[in-house]
Each structure stands twice: as C-alpha cells, then as structure tokens.
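Data from model_6.cif: mmCIF, C-alpha atoms
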```cif
data_input
loop_
_atom_site.label_atom_id
_atom_site.label_comp_id
_atom_site.auth_asym_id
_atom_site.auth_seq_id
_atom_site.Cartn_x
_atom_site.Cartn_y
_atom_site.Cartn_z
CA LEU I 491 88.63 112.10 111.95
CA GLU I 492 87.23 108.95 113.59
CA ARG I 493 84.37 108.78 111.08
CA TYR I 494 86.87 109.18 108.23
CA LEU I 495 89.06 106.39 109.59
CA VAL I 496 86.11 104.04 109.97
CA GLY I 497 85.34 104.77 106.34
CA LEU I 498 88.87 103.76 105.42
CA GLY I 499 88.50 100.56 107.38
CA ALA I 500 85.21 99.79 105.65
CA ALA I 501 86.88 100.30 102.29
CA ALA I 502 89.49 97.74 103.29
CA GLY I 503 86.81 95.32 104.49
CA LEU I 504 87.96 95.58 108.10
CA VAL I 505 84.96 96.91 110.00
CA GLY I 506 83.10 94.33 112.05
CA GLY I 507 85.24 92.86 114.82
CA TRP I 508 87.97 95.40 114.08
CA SER I 509 88.90 98.68 115.72
CA ILE I 510 91.05 101.52 114.44
CA ARG I 511 93.49 103.63 116.42
CA VAL I 512 95.62 106.61 115.54
CA ASP I 513 99.05 107.00 117.13
CA VAL I 514 101.05 110.23 116.89
CA ARG I 515 104.82 109.81 117.07
CA GLN I 516 106.83 112.88 117.92
CA THR I 517 109.44 113.75 115.31
CA GLY I 518 110.86 116.78 117.07
CA GLY I 519 109.40 119.87 118.71
CA SER I 520 105.62 119.93 118.62
CA ALA I 521 105.43 118.27 115.20
CA GLY I 522 104.12 114.73 115.07
CA GLU I 523 103.73 112.03 112.48
CA THR I 524 100.50 110.07 112.42
CA ASP I 525 100.41 106.28 112.22
CA LEU I 526 97.20 104.33 111.67
CA TYR I 527 96.86 100.83 113.13
CA PHE I 528 94.14 98.20 112.81
CA PHE I 529 93.24 95.86 115.68
CA ASP I 530 91.33 92.58 115.48
CA GLU I 531 88.83 91.36 118.08
CA ARG I 532 91.68 89.90 120.15
CA GLY I 533 93.55 93.18 120.22
CA LYS I 534 96.29 92.09 117.83
CA LYS I 535 97.89 95.08 116.16
CA PHE I 536 98.37 95.40 112.39
CA ARG I 537 100.42 98.14 110.77
CA SER I 538 99.03 100.32 108.00
CA ARG I 539 102.38 101.57 106.67
CA LEU I 540 103.93 98.88 104.52
CA GLU I 541 106.58 98.34 101.89
CA VAL I 542 105.43 95.88 99.24
CA ALA I 543 107.51 94.34 96.46
CA LEU I 544 105.87 93.61 93.09
CA ALA I 545 107.84 90.99 91.17
CA GLY I 546 107.12 88.83 88.14
CA LEU I 547 108.04 88.44 84.50
CA ASP I 548 107.90 91.40 82.15
CA GLY I 549 104.32 91.92 81.01
CA SER I 550 102.80 90.18 84.03
CA GLY I 551 100.86 93.29 85.12
CA LYS I 552 102.98 94.72 87.96
CA SER I 553 102.79 98.35 86.84
CA ALA I 554 99.09 97.99 86.09
CA LEU I 555 98.49 96.69 89.61
CA ALA I 556 100.49 99.58 91.09
CA ARG I 557 98.38 101.94 89.00
CA ALA I 558 95.17 100.33 90.27
CA LEU I 559 96.30 100.55 93.91
CA ALA I 560 97.08 104.22 93.34
CA ALA I 561 93.47 104.66 92.15
CA GLU I 562 94.65 106.02 88.82
CA PRO I 563 92.40 105.73 85.73
CA PRO I 564 91.66 102.15 84.63
CA LEU I 565 94.28 100.72 82.33
CA ALA I 566 91.73 100.43 79.53
CA ALA I 567 91.40 104.22 79.60
CA ALA I 568 95.13 104.87 79.99
CA PRO I 569 98.00 104.76 77.52
CA SER I 570 99.79 101.42 77.21
CA LEU I 571 102.33 100.95 79.97
CA LYS I 572 105.95 100.55 79.01
CA PRO I 573 108.06 97.80 80.64
CA THR I 574 109.65 98.84 83.92
CA ILE I 575 113.37 99.49 83.58
CA GLY I 576 115.17 98.36 86.72
CA LEU I 577 113.04 99.62 89.60
CA VAL I 578 110.25 102.12 90.20
CA VAL I 579 109.16 103.01 93.74
CA GLN I 580 105.78 104.63 94.23
CA ARG I 581 104.12 105.67 97.48
CA VAL I 582 100.33 105.42 97.40
CA GLN I 583 97.39 105.69 99.77
CA HIS I 584 94.94 102.83 99.35
CA SER I 585 91.99 101.92 101.60
CA GLY I 586 93.61 103.27 104.73
CA LEU I 587 97.03 101.83 103.94
CA ASP I 588 100.18 103.84 103.26
CA LEU I 589 102.02 101.68 100.73
CA SER I 590 105.47 102.00 99.22
CA LEU I 591 105.27 99.83 96.10
CA TRP I 592 108.57 98.49 94.77
CA ASP I 593 107.79 97.70 91.12
CA LEU I 594 110.66 95.49 89.92
CA GLY I 595 111.56 95.21 86.25
CA GLY I 596 110.75 91.73 85.02
CA ARG I 597 113.18 91.30 82.14
CA GLN I 598 115.87 88.66 82.47
CA ARG I 599 118.71 91.09 83.14
CA PHE I 600 116.92 92.65 86.13
CA ARG I 601 115.96 89.45 87.96
CA PHE I 602 119.33 88.96 89.65
CA ASP I 603 118.67 92.17 91.61
CA TRP I 604 115.19 91.17 92.80
CA ALA I 605 116.22 89.61 96.09
CA ARG I 606 118.28 92.63 97.12
CA HIS I 607 115.25 94.91 96.72
CA VAL I 608 112.67 92.48 98.09
CA SER I 609 114.61 91.59 101.22
CA GLY I 610 113.74 94.85 103.00
CA CYS I 611 110.02 94.76 102.20
CA ASP I 612 107.12 93.63 104.37
CA ALA I 613 105.50 91.40 101.73
CA LEU I 614 106.09 90.05 98.24
CA LEU I 615 103.43 90.04 95.53
CA PHE I 616 104.58 87.78 92.70
CA LEU I 617 102.44 88.24 89.61
CA ILE I 618 101.67 85.44 87.15
CA ASP I 619 100.03 86.34 83.84
CA VAL I 620 97.36 83.63 83.63
CA SER I 621 96.67 84.57 80.00
CA ASP I 622 100.21 83.54 78.96
CA ARG I 623 100.54 79.80 79.60
CA ASP I 624 103.64 79.61 77.40
CA ARG I 625 105.68 81.45 80.04
CA LEU I 626 104.45 79.62 83.15
CA ALA I 627 107.60 77.49 83.31
CA GLU I 628 109.76 80.61 83.05
CA ALA I 629 107.71 82.30 85.78
CA ARG I 630 108.04 79.24 88.03
CA GLN I 631 111.81 79.24 87.60
CA ALA I 632 112.05 82.98 88.33
CA LEU I 633 109.86 82.65 91.44
CA HIS I 634 111.86 79.79 92.96
CA MET I 635 115.17 81.46 92.12
CA LEU I 636 113.98 84.48 94.09
CA LEU I 637 112.63 82.47 97.04
CA ASP I 638 115.87 80.50 97.34
CA ASP I 639 117.60 83.61 98.64
CA PRO I 640 117.97 83.21 102.44
CA ARG I 641 117.28 86.92 102.97
CA LEU I 642 113.63 86.27 102.05
CA ARG I 643 113.07 83.61 104.70
CA GLY I 644 109.78 84.27 106.46
CA LEU I 645 108.62 86.96 104.02
CA PRO I 646 104.84 86.68 103.38
CA LEU I 647 104.17 85.75 99.74
CA LEU I 648 101.02 86.38 97.71
CA VAL I 649 101.02 84.83 94.26
CA VAL I 650 98.77 87.07 92.20
CA ALA I 651 97.00 85.34 89.32
CA SER I 652 97.11 88.48 87.21
CA LYS I 653 94.81 89.38 84.30
CA CYS I 654 92.25 86.83 85.44
CA ASP I 655 89.58 88.91 83.70
CA THR I 656 90.92 87.40 80.45
CA LEU I 657 89.72 83.94 81.52
CA GLN I 658 86.29 82.63 80.67
CA PRO I 659 83.96 83.37 83.61
CA ARG I 660 83.20 79.67 84.07
CA ASP I 661 86.91 78.76 84.14
CA ARG I 662 87.72 81.56 86.57
CA ALA I 663 84.88 80.57 88.88
CA GLU I 664 86.12 76.98 88.92
CA LEU I 665 89.69 78.04 89.67
CA GLU I 666 88.48 80.24 92.51
CA ARG I 667 86.38 77.37 93.86
CA LEU I 668 89.51 75.21 93.87
CA GLY I 669 91.54 77.94 95.54
CA TRP I 670 93.71 78.19 92.43
CA ALA I 671 95.13 74.75 93.24
CA PRO I 672 95.96 73.94 89.56
CA LEU I 673 98.13 77.07 89.38
CA SER I 674 99.73 76.23 92.73
CA ARG I 675 100.71 72.81 91.38
CA LEU I 676 102.10 74.26 88.16
CA LEU I 677 104.25 76.63 90.21
CA ASN I 678 105.34 73.90 92.68
CA LEU I 679 104.21 76.03 95.60
CA ASP I 680 104.03 72.98 97.85
CA CYS I 681 107.83 73.09 97.79
CA VAL I 682 107.80 76.57 99.33
CA THR I 683 108.37 76.02 103.03
CA GLU I 684 110.29 79.11 104.16
CA GLN I 685 107.45 81.55 103.38
CA SER I 686 103.76 81.55 104.14
CA TRP I 687 101.97 81.84 100.80
CA SER I 688 98.54 82.37 99.30
CA VAL I 689 97.16 82.64 95.77
CA LEU I 690 94.61 85.24 94.67
CA GLY I 691 93.12 86.02 91.28
CA VAL I 692 93.25 89.76 90.56
CA SER I 693 92.42 92.03 87.64
CA ALA I 694 93.97 95.48 87.65
CA THR I 695 91.77 96.44 84.71
CA ASP I 696 88.42 96.12 86.48
CA GLY I 697 89.61 96.05 90.11
CA LEU I 698 88.58 92.44 90.71
CA ASN I 699 89.66 91.26 94.19
CA LEU I 700 91.61 94.42 95.06
CA PRO I 701 89.74 94.57 98.42
CA ALA I 702 90.80 90.97 99.12
CA LEU I 703 94.39 91.86 98.25
CA THR I 704 94.22 94.82 100.63
CA ARG I 705 92.91 92.64 103.43
CA TRP I 706 95.71 90.12 102.82
CA LEU I 707 98.27 92.91 103.17
CA VAL I 708 96.80 94.03 106.49
CA LEU I 709 96.63 90.49 107.90
CA ARG I 710 99.87 89.04 106.57
CA ALA I 711 102.35 91.86 105.93
CA HIS I 712 102.98 92.61 109.59
CA SER I 713 106.08 90.52 110.22
CA GLY I 714 107.96 93.38 111.86
CA ARG I 715 110.94 92.91 109.57
CA PRO I 716 113.70 95.52 110.03
CA PRO I 717 113.13 98.70 107.95
CA ARG I 718 115.14 99.09 104.79
CA GLU I 719 117.89 101.69 104.79
CA GLY I 720 117.01 104.55 102.49
CA ALA I 721 113.44 103.35 102.04
CA LEU I 722 110.67 105.76 101.16
CA GLY I 723 108.76 106.69 104.31
CA GLU I 724 109.68 104.78 107.46
CA GLY I 725 108.95 101.18 106.46
CA ALA I 726 107.77 100.08 109.87
#
```

If you took the structure in this file and wrote it as structure tokens, what would it be?
Amino acid sequence: LERYLVGLGAAAGLVGGWSIRVDVRQTGGSAGETDLYFFDERGKKFRSRLEVALAGLDGSGKSALARALAAEPPLAAAPSLKPTIGLVVQRVQHSGLDLSLWDLGGRQRFRFDWARHVSGCDALLFLIDVSDRDRLAEARQALHMLLDDPRLRGLPLLVVASKCDTLQPRDRAELERLGWAPLSRLLNLDCVTEQSWSVLGVSATDGLNLPALTRWLVLRAHSGRPPREGALGEGA
C-alpha cells in the first residue's frame, strides 16, 4: 500500500520533501473509511478529498477538463461533448486525489445559480477559452458577477486558460513566461481581493499542465470550508 501511495504522490508531483499518510476513520462497527493526506516538509497537512467547482461560459472546456481529470479517452478520440444543462457532478480519482467535480452549465440562464453551487466547494476553477477572444468581455463579466457573492469570500480561485493548445507555440510560451499577465489584465484580476487567485494554461485535449493543476489543488484547496449538505462523498 505504501509503495502504491508513493506512486500516487509521484504522479501528482509531490514526492521530494513530501510525505504521505493514510488515516482510517471509523464509520461504525469494524468498518472504516480511508482518507489520504499529504504533508509538506514542515508537517503541514493537505487533504486529498476535495470538492471542486468548474465554472465558465458555455463552450469554455469545463466538461472536457472533467473528462481529462477522470482519465477518460482524449477528447479528440471521443464524441463531441454537448453543453452541460444545469449541473453535472462527477466523482473521480486523479493522481491520488478524490475529487467531486461540480461541472456548472455555462449558458446565461444557468449563471445565476453558480454561486449557490460554488459556495460549498473547496476551490473554484474558472475556465476561459483563450481561442475565443470575442467572448472575453462576457467571461470577465460572468467571473466578477460570481466573485461578488459574499459566500465565495476566501475561496481559492484558479483561472484556467483553457484550450491553450490552440495557440501558436511561440505565443503560448511567451504568455507562460509572463505568467499569463495579459489575460489577468483583460479579466481585471487585480481587482479580485477577496480570493487568492492564480492563472494556469491547460489543455484537456493533450493533458498539458494537468499535473500543475493537480498540485495547485493540493496546495490551495485546503481552506477547511464547511462541507456542503448533500454533497457527494464527505467534502472535508
């Protein structure tokens, strides 16, 4: 078991200054439920069971990212994904993490419900389709409308520059060198003060930067927010 867990930690990029521990919580009688925790070199504890909200405009790549985290066939080899209607919750195992992914429909009529679903999660991934510059203003408006809800205060935010494989390699390399600062400015992220935020370029099609996304979840999505009532699994 220990060798298997170390393998999971290596897949998440966590070995080297990290340790892994298994806790068994009694759920009645002799039965137990296993929780996996990561520890850094200072002994700080990071949970492996997380609820993660995926928000963004329709067509931004949320369902494709959920599919990639679930290690399902690459999107290029899969049928075209239909737009999410309302909400889809999927529980997946990815690189040692037990994730409940809340895939939120991105069409206009669903956005007013985003905050209600996101408020009980441990982290928010907001996807921006970098191949669709015409909708950047709409995405910025939707993001700030969501973040204005006081229930999301303190929720870790990762802005995912989705479909970055569609960019020219030279342009993508330059954006990564700049830490995606041009996108941050276009989205007015400097105005976001109630959440800690980061920006990461990701491609669900070829798996680009999925390990970095996983590491971000382990390091940032550990706020200890109260578990959501009726959530899949046990949230925290």

Determine the residue membership of the PyMOL selection byres ((chain I and resi 600) around 12) for the file above and supply it as a count of residues only. 25

Selection in question (the file shown): the PyMOL selection byres ((chain I and resi 641) around 8). Which residues does it include, as a ChimeraX atom specification? /I:605,609,639-640,642-643

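Every residue that the PyMOL selection byres ((chain I and resi 652) around 10) selects in this file is listed here: Ser550, Gly551, Lys552, Ala554, Leu555, Phe616, Leu617, Ile618, Asp619, Val620, Ser621, Val649, Val650, Ala651, Lys653, Cys654, Asp655, Thr656, Leu690, Gly691, Val692, Ser693, Ala694 and Thr695 of chain I.
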
What's around Leu679 in chain I at 12 Å? Count all atoms listed in the file, leave out sequence neighbours fewer than 6 positions away in its own chain, and write the answer as an MDAnalysis selection string. chainID I and resid 630:631 633:634 637 647:649 670:673 685:689

Counting all atoms listed in the file, which residues come within 9 Å of (98.2, 93.2, 105.8), with the point read in the file's coordinates, and could you list them as a VMD selection string? chain I and resid 536 to 538 540 587 613 703 to 712

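Going from CA of Arg662 in chain I over to CA of Thr683 in chain I, you cover 27.0 Å.
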
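Taking CA of Pro659 in chain I and CA of Ala702 in chain I as endpoints, the distance between them is 18.6 Å.
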
Using the atoms already present, construct N, CA, C and O atoms for range 534-558 of chain I and hand them back as a compact mmCIF listing (two decimals), in the frame of the given file.
```
# COMPACT_ATOMS: atom_id res chain seq x y z
N LYS I 534 95.03 92.19 118.56
CA LYS I 534 96.29 92.09 117.83
C LYS I 534 96.43 93.29 116.90
O LYS I 534 95.49 93.70 116.24
N LYS I 535 97.63 93.83 116.85
CA LYS I 535 97.89 95.08 116.16
C LYS I 535 98.45 94.82 114.76
O LYS I 535 99.33 93.99 114.58
N PHE I 536 97.92 95.53 113.77
CA PHE I 536 98.37 95.40 112.39
C PHE I 536 98.74 96.78 111.85
O PHE I 536 97.97 97.73 111.98
N ARG I 537 99.93 96.86 111.27
CA ARG I 537 100.42 98.14 110.77
C ARG I 537 99.72 98.53 109.47
O ARG I 537 99.30 97.69 108.69
N SER I 538 99.63 99.83 109.24
CA SER I 538 99.03 100.32 108.00
C SER I 538 100.07 100.89 107.05
O SER I 538 99.75 101.21 105.91
N ARG I 539 101.31 101.03 107.52
CA ARG I 539 102.38 101.57 106.67
C ARG I 539 103.29 100.41 106.26
O ARG I 539 103.96 99.82 107.10
N LEU I 540 103.27 100.09 104.98
CA LEU I 540 103.93 98.88 104.52
C LEU I 540 104.75 99.14 103.26
O LEU I 540 104.40 99.99 102.45
N GLU I 541 105.81 98.36 103.12
CA GLU I 541 106.58 98.34 101.89
C GLU I 541 106.31 97.01 101.21
O GLU I 541 106.51 95.94 101.81
N VAL I 542 105.88 97.06 99.96
CA VAL I 542 105.43 95.88 99.24
C VAL I 542 106.19 95.76 97.93
O VAL I 542 106.23 96.71 97.14
N ALA I 543 106.79 94.59 97.70
CA ALA I 543 107.51 94.34 96.46
C ALA I 543 106.58 93.69 95.44
O ALA I 543 105.84 92.76 95.77
N LEU I 544 106.62 94.19 94.21
CA LEU I 544 105.87 93.61 93.09
C LEU I 544 106.89 93.00 92.13
O LEU I 544 107.66 93.73 91.49
N ALA I 545 106.91 91.69 92.05
CA ALA I 545 107.84 90.99 91.17
C ALA I 545 107.06 90.11 90.22
O ALA I 545 105.88 89.80 90.42
N GLY I 546 107.74 89.67 89.16
CA GLY I 546 107.12 88.83 88.14
C GLY I 546 107.77 89.10 86.80
O GLY I 546 108.54 90.06 86.65
N LEU I 547 107.46 88.26 85.82
CA LEU I 547 108.04 88.44 84.50
C LEU I 547 107.58 89.75 83.88
O LEU I 547 106.57 90.33 84.29
N ASP I 548 108.33 90.22 82.90
CA ASP I 548 107.90 91.40 82.15
C ASP I 548 106.54 91.11 81.51
O ASP I 548 106.30 90.03 80.98
N GLY I 549 105.66 92.09 81.59
CA GLY I 549 104.32 91.92 81.01
C GLY I 549 103.33 91.22 81.91
O GLY I 549 102.20 90.94 81.48
N SER I 550 103.71 90.93 83.16
CA SER I 550 102.80 90.18 84.03
C SER I 550 101.75 91.07 84.70
O SER I 550 100.83 90.56 85.33
N GLY I 551 101.89 92.40 84.59
CA GLY I 551 100.86 93.29 85.12
C GLY I 551 101.24 94.01 86.39
O GLY I 551 100.37 94.57 87.07
N LYS I 552 102.54 94.07 86.71
CA LYS I 552 102.98 94.72 87.96
C LYS I 552 102.66 96.21 87.96
O LYS I 552 102.11 96.74 88.93
N SER I 553 103.03 96.90 86.89
CA SER I 553 102.79 98.35 86.84
C SER I 553 101.31 98.66 86.79
O SER I 553 100.85 99.66 87.34
N ALA I 554 100.54 97.79 86.13
CA ALA I 554 99.09 97.99 86.09
C ALA I 554 98.48 97.83 87.47
O ALA I 554 97.57 98.57 87.86
N LEU I 555 98.99 96.86 88.26
CA LEU I 555 98.49 96.69 89.61
C LEU I 555 98.86 97.89 90.48
O LEU I 555 98.03 98.37 91.26
N ALA I 556 100.09 98.38 90.34
CA ALA I 556 100.49 99.58 91.09
C ALA I 556 99.58 100.75 90.72
O ALA I 556 99.19 101.53 91.59
N ARG I 557 99.25 100.86 89.47
CA ARG I 557 98.38 101.94 89.00
C ARG I 557 96.98 101.80 89.61
O ARG I 557 96.37 102.79 90.04
N ALA I 558 96.50 100.56 89.69
CA ALA I 558 95.17 100.33 90.27
C ALA I 558 95.17 100.65 91.76
O ALA I 558 94.22 101.24 92.28
```
